[in-house]
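Visitor: Pasting in a structure now, in structure tokens, and then I'll have a few things to ask.
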Amino acid sequence: MRFPPTSFPRLSGTWRRARRWLWQGGLLLAAAGTVRATPVADEGWRDLASYLFHDAHEVFLRASTGSERGRVLGAAASLLNDSPVTADKVAEAEAQLRGLLADSAADEPAICARYLLARIAHLHRPAEIAEVEADYRAVIAAAPTHPLAQLAAGKLALVLLYQRPDLGVPARLAAAAELAPMAGAPQLPETGCAYYRALAGAALYYDVLDERVLAWLARADALETHDIVTATSLRLQLAEVARALGHREQALAYYRRFLATAVSTDNRYRTAAERMAELAKAAP
Amino acid sequence: MKRPKLRTWLVAGLLAGAYLYSAGRLLLRPGHAVVDSHVEVIRFAHWQIEPGVREAFNAIAADYMALHPNVRVEQMDIPGRAWKQWLRTGLIGGTAPDLIEIASYENPDDMLARYFTPITAYLEEPNPYNAAEPDLRGVSWRQSYAAELVPNEFQHYFSLNLLEYYGAPSAVVTVRVFYNRQLVTAALGADRPPATFDEFIALCEALARRAEVTHQPMSPLAGSAYNLTQLTDGLFNAASQRDALAMDISRDLEMTRHEALINYVRGRWSLTTPDVRAGLQTVESFGRYMAPGWSQLNREDAMLQFLQGRAAMLATGTWDAGGILRQADFPVGAFRMPAFRPGDPKYGRGMLGPVSEANTFATMSFGLTRTSRHPERAIDFLRFLTSRQSNAKFSRISTWLPVIKGVPVPAGSAAFRPVENGYVGGINIRFLGSRANEVLLQHLYLLSGQGASADAYIAGTRRLYDQINREELARLARVNLATLRQKDSVLVGTFQLERDAGLAHGKFDRLAANQLTVEAERLQTLRTLADYSLGK
């Protein structure tokens, strides 16, 4: 790291030269100040993204440059998990986030704040399920195309699948599946894939095994996750569900895809190969 | 008045003497200067003090230093008992070495995030030290590993929360039964390791008979709960493979711990499930051959029994192989605990075949500390350490199994080679949680000795399992809640960093997907606990 000179050169004695140095130094300092605005904010977000909540909180508290609303959002988001997490800190973060929603603001910090408030209601307080559901729906309604709306739709689907007290299994699955256009959107393919897998997973948990499960898994697969573990497991799920539903050819194709893409050290490799061979031998 | 004065002088003299002695030692010590600005010093630390490991690392470090004369590589082997304190002090004090062995149980996510540098990007680049290997030249460092470092439930090199690689492993370990070839030959008339479970029981019986006839104080199996569980893990897994597939909720051919617990609480299996009971019966059948008093002994005692010839066999991980082979004054053999045949009327009804050991124990992963003064150099050494050539050398000297593609298993370690062409495992009642492990260890005595009985074990622990498996599910839900909350904040930070660069398939997207999956698992757990209360 280079430091600016702390004194003028001895032989540059004239006022004119000194003034030029001062001017140049001033320009340098001003430029440094401008450049620093982003790194300070970035440092906070980077700390937050790295689970360093306390460090992030301190950065956001002392930051004097950048967007004030962004700073408040960062401070609230980091305070939420600043160890030790206490009810007081959560309440304070909640109050700061509500402040970002004042005057019906609809900018990025407001969208993030609304999402975090829904999460606080769901995971921290916890609120009545009806309130949690309403909060998620509010996030979606406020900015339907925003990535956080997709996240909210996925979370809402889980509430419907497992928490709504008044729904039976068929209604749970149907209500959660209705969120597909948003929760399964390709703007966040990995998240969309997880949503479809969660739908299929819930159905299987409730011992529902029908064509919808296969379709959900197929849609998850179509989103082409880059996660090798998810991708290989998905192919096996598709093969096993297709097999259980009597779709022999489809099942064989999925087994083949699994065997072609999985590393040979996958513990399931031989089991899958033998199940495929067994199915291939069976009369169509 | 005089006595205290003399004592004071004595103490002062001793202190001064100690100081002068230390200073003299430091000044006159042979070797490298304490600080040499022209030399890059790379220090790496681990807790593998088993014989052979240190020598292997030293040999590889010497090769590296010969290649890079301006680099000094220093090995720090810290005993396991002191490791935790040493690690925390070094990390917090900023004095940690450049590379440190990491394990998920020693390095929680917050520690990884704060003190270690993710090495994901490095792992996706080719390893230059494999440039002379035609088949590895074009592949990434990660793909040069035999199992390509695909994350699984029990690995140490990848953080499932942080979604980053933090370590590069150096070895694979398996569990084997080491045996005294002289004693086995004397008992059987031939050095013939058992190929089937029945042969293993017959061998135990033959050894016990011989000890009785010759009045030799020798047990067939060296004892300690640790060693016994090395055997039970494989047997429990083998006996219930079909059950695991039948109860696999997600239908991806693997019943996870979460699914096993959910299924237990839903009443879909229990200790009386025939194949689970069969697993316990396998222990009943050989538990009587353990050394007397084994339940009070620890791992080191068992090792000593074996090395002194007071026990003919010892079940342990191949991490102990170097120590055993160097210290035993008798020829040692090793075999994988043979499972019963699939379809065996007593034990094999739920069995598919040998349980796969592939990608199970890639270990000795070194992580890069954030305080490293020469991070690029440290990564370079790590690449060298895990190149095909160095990994072969490491394996040869340490007897630990290689982890890089194409590295031959040394002749002496052939018996340790993992079973790669095996089947998925079944239900292991020990792996359901730490309390489940404790319950097994506390009640293993019911499966040993002359009165060994699986049914006694079941009767004595059934209610306990009902309770602890529910508690474990509740605990997992609590743990998941904590990580879900954290991820909300992390997602906000990641979103701000990535939103302009495109989010699809990026870290934000992957993190959100991971959070959704964990949250689904948690809510499934809570649904199960609500719907299936005890006694319902």
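By convention in this document, the chains of the structure tokens carry letters A, B, ... by their order, each chain's residues are numbered from 1, and ligands are numbered from 1 in the order they are shown.
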Neighbouring residues of A:Glu133 were defined as those with any atom within 8 Å, considering only C-alpha atoms; residues of the same chain fewer than 3 positions away were excluded. Please report them as number ranges by chain.
Guide: A: 129-130, 136-137, 156, 159
Visitor: If we count only C-alpha atoms and set the cut-off at 6 Å, which residues sit around stretch 236-252 of chain A, ignoring sequence neighbours fewer than 3 positions away in its own chain? Please answer as a list in words.
Guide: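 My list of contacting residues is Ser233 and Tyr255 of chain A; Arg251 and Asp252 of chain B.
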Visitor: Apply DSSP to the structure's backbone, then extract all residues of stretch 5-164 of chain B labelled strand (DSSP E or B) and return them as a PyMOL selection string.
Guide: chain B and resi 40-46+71-77+99-102+116-117+126+140+145+158-159+164
Visitor: Return the neighbours of chain A among the residues of chain B, cut-off 8 Å, counting only C-alpha atoms, as number ranges by chain.
Guide: B: 110, 113-114, 146-148, 150-151, 162, 249-254, 356-359, 420-424, 481, 485-486, 488-494, 496-497, 503-505, 509-510, 512-514, 516-517, 519-520, 523-524, 527
Visitor: Go ahead and save the picked residues with N, CA and C atoms, as a short mmCIF file (atom, residue, chain, number, x, y, z; two decimals), in the first residue's frame.
Guide:
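Contents of out19.cif, freshly written:
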data_model
loop_
_atom_site.label_atom_id
_atom_site.label_comp_id
_atom_site.auth_asym_id
_atom_site.auth_seq_id
_atom_site.Cartn_x
_atom_site.Cartn_y
_atom_site.Cartn_z
N ASP B 110 -18.79 -20.59 10.75
CA ASP B 110 -18.35 -19.23 11.08
C ASP B 110 -16.82 -19.17 11.14
N ALA B 113 -15.60 -19.13 7.53
CA ALA B 113 -15.85 -17.83 6.90
C ALA B 113 -14.85 -16.79 7.39
N ARG B 114 -14.53 -16.83 8.66
CA ARG B 114 -13.71 -15.77 9.24
C ARG B 114 -12.21 -16.00 9.01
N ALA B 146 -10.12 -38.71 -7.45
CA ALA B 146 -10.82 -39.91 -7.89
C ALA B 146 -12.34 -39.71 -7.81
N ALA B 147 -12.82 -39.10 -6.75
CA ALA B 147 -14.26 -38.89 -6.61
C ALA B 147 -14.66 -37.47 -6.99
N GLU B 148 -13.75 -36.75 -7.61
CA GLU B 148 -13.98 -35.38 -8.12
C GLU B 148 -14.52 -34.42 -7.05
N VAL B 150 -17.00 -34.48 -5.20
CA VAL B 150 -18.44 -34.24 -5.17
C VAL B 150 -18.87 -34.24 -3.71
N PRO B 151 -19.50 -33.16 -3.25
CA PRO B 151 -19.84 -33.09 -1.82
C PRO B 151 -20.84 -34.18 -1.42
N LEU B 162 -21.84 -22.47 3.23
CA LEU B 162 -21.15 -21.36 2.55
C LEU B 162 -21.05 -21.61 1.05
N ILE B 249 -37.78 -41.68 1.14
CA ILE B 249 -38.91 -40.78 0.86
C ILE B 249 -38.72 -40.05 -0.47
N SER B 250 -37.53 -39.53 -0.70
CA SER B 250 -37.34 -38.71 -1.90
C SER B 250 -37.09 -39.53 -3.15
N ARG B 251 -36.95 -40.83 -3.01
CA ARG B 251 -36.74 -41.75 -4.13
C ARG B 251 -35.51 -41.38 -4.96
N ASP B 252 -34.43 -41.09 -4.28
CA ASP B 252 -33.17 -40.87 -5.00
C ASP B 252 -32.15 -41.95 -4.64
N LEU B 253 -32.68 -43.09 -4.19
CA LEU B 253 -31.86 -44.28 -3.88
C LEU B 253 -30.91 -44.06 -2.70
N GLU B 254 -31.27 -43.18 -1.81
CA GLU B 254 -30.43 -43.00 -0.63
C GLU B 254 -31.30 -42.47 0.51
N SER B 356 -21.00 -49.85 -0.55
CA SER B 356 -19.99 -49.07 -1.25
C SER B 356 -19.19 -48.21 -0.26
N GLU B 357 -17.90 -48.14 -0.49
CA GLU B 357 -17.05 -47.27 0.34
C GLU B 357 -16.51 -46.10 -0.48
N ALA B 358 -16.99 -46.00 -1.73
CA ALA B 358 -16.48 -44.94 -2.60
C ALA B 358 -16.86 -43.58 -2.05
N ASN B 359 -15.94 -42.67 -2.12
CA ASN B 359 -16.21 -41.27 -1.73
C ASN B 359 -16.71 -41.13 -0.30
N GLU B 420 -15.51 -49.84 -4.32
CA GLU B 420 -16.16 -48.78 -5.09
C GLU B 420 -17.40 -49.28 -5.80
N ASN B 421 -17.38 -50.57 -6.10
CA ASN B 421 -18.50 -51.12 -6.86
C ASN B 421 -19.51 -51.76 -5.91
N GLY B 422 -19.88 -51.03 -4.88
CA GLY B 422 -20.81 -51.59 -3.90
C GLY B 422 -22.19 -50.97 -4.00
N TYR B 423 -22.98 -51.23 -2.98
CA TYR B 423 -24.37 -50.76 -2.97
C TYR B 423 -24.55 -49.69 -1.89
N VAL B 424 -25.69 -49.05 -1.96
CA VAL B 424 -25.99 -48.03 -0.95
C VAL B 424 -26.16 -48.70 0.42
N LEU B 481 -33.13 -24.00 11.89
CA LEU B 481 -33.71 -22.66 12.06
C LEU B 481 -32.60 -21.62 12.17
N ARG B 485 -32.10 -18.58 9.43
CA ARG B 485 -32.11 -17.16 9.81
C ARG B 485 -30.85 -16.47 9.30
N GLN B 486 -29.73 -17.13 9.48
CA GLN B 486 -28.47 -16.53 9.04
C GLN B 486 -28.47 -16.32 7.53
N ASP B 488 -30.83 -15.64 5.60
CA ASP B 488 -31.60 -14.47 5.16
C ASP B 488 -30.69 -13.25 5.05
N SER B 489 -29.90 -13.03 6.08
CA SER B 489 -28.98 -11.88 6.06
C SER B 489 -27.92 -12.07 4.97
N VAL B 490 -27.41 -13.29 4.89
CA VAL B 490 -26.37 -13.57 3.90
C VAL B 490 -26.90 -13.35 2.48
N LEU B 491 -28.16 -13.75 2.27
CA LEU B 491 -28.75 -13.57 0.94
C LEU B 491 -28.86 -12.10 0.57
N VAL B 492 -29.21 -11.27 1.54
CA VAL B 492 -29.31 -9.84 1.27
C VAL B 492 -27.93 -9.30 0.85
N GLY B 493 -26.90 -9.71 1.58
CA GLY B 493 -25.54 -9.28 1.23
C GLY B 493 -25.12 -9.78 -0.14
N THR B 494 -25.38 -11.05 -0.40
CA THR B 494 -24.99 -11.64 -1.69
C THR B 494 -25.75 -10.98 -2.83
N GLN B 496 -26.83 -7.92 -2.99
CA GLN B 496 -26.26 -6.60 -3.28
C GLN B 496 -24.96 -6.71 -4.08
N LEU B 497 -24.20 -7.76 -3.82
CA LEU B 497 -22.92 -7.91 -4.52
C LEU B 497 -23.10 -8.43 -5.95
N LEU B 503 -27.95 -12.94 -11.89
CA LEU B 503 -28.11 -13.81 -10.72
C LEU B 503 -28.24 -15.30 -11.06
N ALA B 504 -28.67 -15.60 -12.29
CA ALA B 504 -28.96 -17.01 -12.62
C ALA B 504 -27.74 -17.90 -12.39
N HIS B 505 -27.94 -18.94 -11.63
CA HIS B 505 -26.90 -19.94 -11.31
C HIS B 505 -25.75 -19.37 -10.47
N ASP B 509 -28.35 -17.34 -6.23
CA ASP B 509 -29.32 -18.32 -6.69
C ASP B 509 -29.11 -19.67 -5.98
N ARG B 510 -27.86 -20.08 -5.92
CA ARG B 510 -27.56 -21.39 -5.30
C ARG B 510 -27.84 -21.37 -3.80
N ALA B 512 -30.05 -19.41 -2.30
CA ALA B 512 -31.51 -19.37 -2.12
C ALA B 512 -32.10 -20.77 -2.31
N ALA B 513 -31.56 -21.51 -3.28
CA ALA B 513 -32.04 -22.87 -3.53
C ALA B 513 -31.73 -23.76 -2.33
N ASN B 514 -30.52 -23.62 -1.84
CA ASN B 514 -30.11 -24.41 -0.68
C ASN B 514 -30.98 -24.08 0.53
N LEU B 516 -34.04 -22.96 0.50
CA LEU B 516 -35.39 -23.50 0.30
C LEU B 516 -35.43 -24.99 0.61
N THR B 517 -34.39 -25.69 0.20
CA THR B 517 -34.33 -27.14 0.43
C THR B 517 -34.24 -27.44 1.93
N GLU B 519 -35.19 -25.48 4.34
CA GLU B 519 -36.43 -25.05 4.99
C GLU B 519 -37.53 -26.09 4.78
N ALA B 520 -37.56 -26.68 3.59
CA ALA B 520 -38.54 -27.73 3.32
C ALA B 520 -38.30 -28.90 4.27
N LEU B 523 -39.51 -27.93 7.79
CA LEU B 523 -40.97 -27.92 7.96
C LEU B 523 -41.53 -29.35 7.90
N GLN B 524 -40.88 -30.18 7.12
CA GLN B 524 -41.28 -31.60 7.09
C GLN B 524 -41.06 -32.23 8.48
N ARG B 527 -43.75 -30.92 10.83
CA ARG B 527 -45.03 -31.57 10.49
C ARG B 527 -45.04 -32.98 11.10
#
Visitor: May I have the residues within 9 Å of A:Leu61 as a VMD selection string, using only C-alpha atoms and disregarding those fewer than 6 positions away in the same chain?
Guide: chain A and resid 71 to 72 74 to 75
Visitor: Using DSSP on the backbone coordinates, identify all residues within stretch 16-219 of chain A classified as helix (DSSP H, G or I); present the result as number ranges by chain.
Guide: A: 16-49, 53-62, 68-79, 87-100, 102-104, 108-124, 129-142, 147-163, 169-177, 180-183, 189-205, 211-219
Visitor: If we count only C-alpha atoms and set the cut-off at 10 Å, which residues sit around B:Met255, ignoring sequence neighbours fewer than 3 positions away in its own chain? Please answer as a JSON list (two decimals) with N, CA and C atoms, in the first residue's frame.
Guide:
[["chain", "number", "residue", "atom", "x", "y", "z"],
["B", 241, "GLN", "N", -30.24, -52.81, 3.79],
["B", 241, "GLN", "CA", -30.18, -52.02, 2.55],
["B", 241, "GLN", "C", -31.54, -51.94, 1.84],
["B", 243, "ASP", "N", -34.48, -52.21, 3.12],
["B", 243, "ASP", "CA", -35.41, -51.37, 3.91],
["B", 243, "ASP", "C", -35.18, -49.90, 3.60],
["B", 244, "ALA", "N", -33.89, -49.54, 3.51],
["B", 244, "ALA", "CA", -33.57, -48.14, 3.24],
["B", 244, "ALA", "C", -34.12, -47.72, 1.88],
["B", 245, "LEU", "N", -34.00, -48.59, 0.91],
["B", 245, "LEU", "CA", -34.54, -48.25, -0.41],
["B", 245, "LEU", "C", -36.06, -48.18, -0.38],
["B", 246, "ALA", "N", -36.66, -49.10, 0.33],
["B", 246, "ALA", "CA", -38.13, -49.12, 0.39],
["B", 246, "ALA", "C", -38.69, -47.90, 1.10],
["B", 247, "MET", "N", -37.91, -47.35, 2.05],
["B", 247, "MET", "CA", -38.42, -46.21, 2.84],
["B", 247, "MET", "C", -37.82, -44.88, 2.39],
["B", 248, "ASP", "N", -37.09, -44.90, 1.30],
["B", 248, "ASP", "CA", -36.45, -43.68, 0.81],
["B", 248, "ASP", "C", -37.53, -42.69, 0.34],
["B", 249, "ILE", "N", -37.78, -41.68, 1.14],
["B", 249, "ILE", "CA", -38.91, -40.78, 0.86],
["B", 249, "ILE", "C", -38.72, -40.05, -0.47],
["B", 250, "SER", "N", -37.53, -39.53, -0.70],
["B", 250, "SER", "CA", -37.34, -38.71, -1.90],
["B", 250, "SER", "C", -37.09, -39.53, -3.15],
["B", 251, "ARG", "N", -36.95, -40.83, -3.01],
["B", 251, "ARG", "CA", -36.74, -41.75, -4.13],
["B", 251, "ARG", "C", -35.51, -41.38, -4.96],
["B", 252, "ASP", "N", -34.43, -41.09, -4.28],
["B", 252, "ASP", "CA", -33.17, -40.87, -5.00],
["B", 252, "ASP", "C", -32.15, -41.95, -4.64],
["B", 258, "HIS", "N", -31.92, -37.68, 7.89],
["B", 258, "HIS", "CA", -33.19, -36.98, 8.10],
["B", 258, "HIS", "C", -34.36, -37.91, 7.77],
["B", 259, "GLU", "N", -34.27, -38.59, 6.65],
["B", 259, "GLU", "CA", -35.36, -39.48, 6.24],
["B", 259, "GLU", "C", -35.49, -40.67, 7.19],
["B", 260, "ALA", "N", -34.34, -41.18, 7.64],
["B", 260, "ALA", "CA", -34.39, -42.32, 8.57],
["B", 260, "ALA", "C", -35.10, -41.91, 9.86],
["B", 261, "LEU", "N", -34.82, -40.72, 10.35],
["B", 261, "LEU", "CA", -35.45, -40.25, 11.59],
["B", 261, "LEU", "C", -36.94, -39.99, 11.37],
["B", 263, "ASN", "N", -38.85, -41.40, 9.21],
["B", 263, "ASN", "CA", -39.50, -42.71, 9.09],
["B", 263, "ASN", "C", -39.64, -43.40, 10.44],
["B", 424, "VAL", "N", -25.69, -49.05, -1.96],
["B", 424, "VAL", "CA", -25.99, -48.03, -0.95],
["B", 424, "VAL", "C", -26.16, -48.70, 0.42],
["B", 425, "GLY", "N", -25.89, -47.94, 1.45],
["B", 425, "GLY", "CA", -25.99, -48.48, 2.81],
["B", 425, "GLY", "C", -27.43, -48.47, 3.32],
["B", 426, "GLY", "N", -27.64, -49.20, 4.40],
["B", 426, "GLY", "CA", -28.98, -49.27, 5.00],
["B", 426, "GLY", "C", -29.08, -48.39, 6.23],
["B", 427, "ILE", "N", -29.78, -48.89, 7.25],
["B", 427, "ILE", "CA", -30.01, -48.10, 8.46],
["B", 427, "ILE", "C", -28.92, -48.41, 9.48]]
Visitor: Excluding B:Phe116 and residues on its chain fewer than 5 positions from it, collect all residues at most 9 Å away from it, counting only C-alpha atoms, and give them as a list in words.
Guide: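 So, after excluding close chain neighbours, the residues are Met111, Tyr166, Gly367, Leu368, Thr369, Arg370 and Thr371 of chain B.
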Visitor: Excluding same-chain residues fewer than 6 positions from B:Trp141, what lies within 9 Å of it counting only C-alpha atoms, as a list of chain:residue names?
Guide: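 The neighbour list is B:Tyr122, B:Leu123, B:Glu124, B:Glu125, B:Pro126, B:Asn127, B:Pro128, B:Asn130, B:Glu148, B:Arg383, B:Thr386, B:Ser387.
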Visitor: Neighbours of B:Pro79 within 9 Å (only C-alpha atoms; same-chain residues fewer than 6 positions away dropped), as a list in words?
Guide: His46, Trp47, Gln48 and Ile49 of chain B
Visitor: Just to be explicit: take each residue in the selection above, keep C-alpha atoms, and write the result as a PDB file, in the first residue's frame.
Guide:
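Writing the result to selection_26.pdb gives the following:
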ATOM      1  CA  HIS B  46      -2.279 -31.297  11.089  1.00  0.00           C
ATOM      2  CA  TRP B  47      -3.120 -33.699  13.892  1.00  0.00           C
ATOM      3  CA  GLN B  48      -2.174 -36.951  12.111  1.00  0.00           C
ATOM      4  CA  ILE B  49       0.625 -38.098  14.363  1.00  0.00           C
TER       5      ILE B  49
END
Visitor: Could you work out how far atom CA of B:Ile201 lies from atom CA of B:Val439, giving the answer in Å with one decimal?
Guide: 25.5 Å
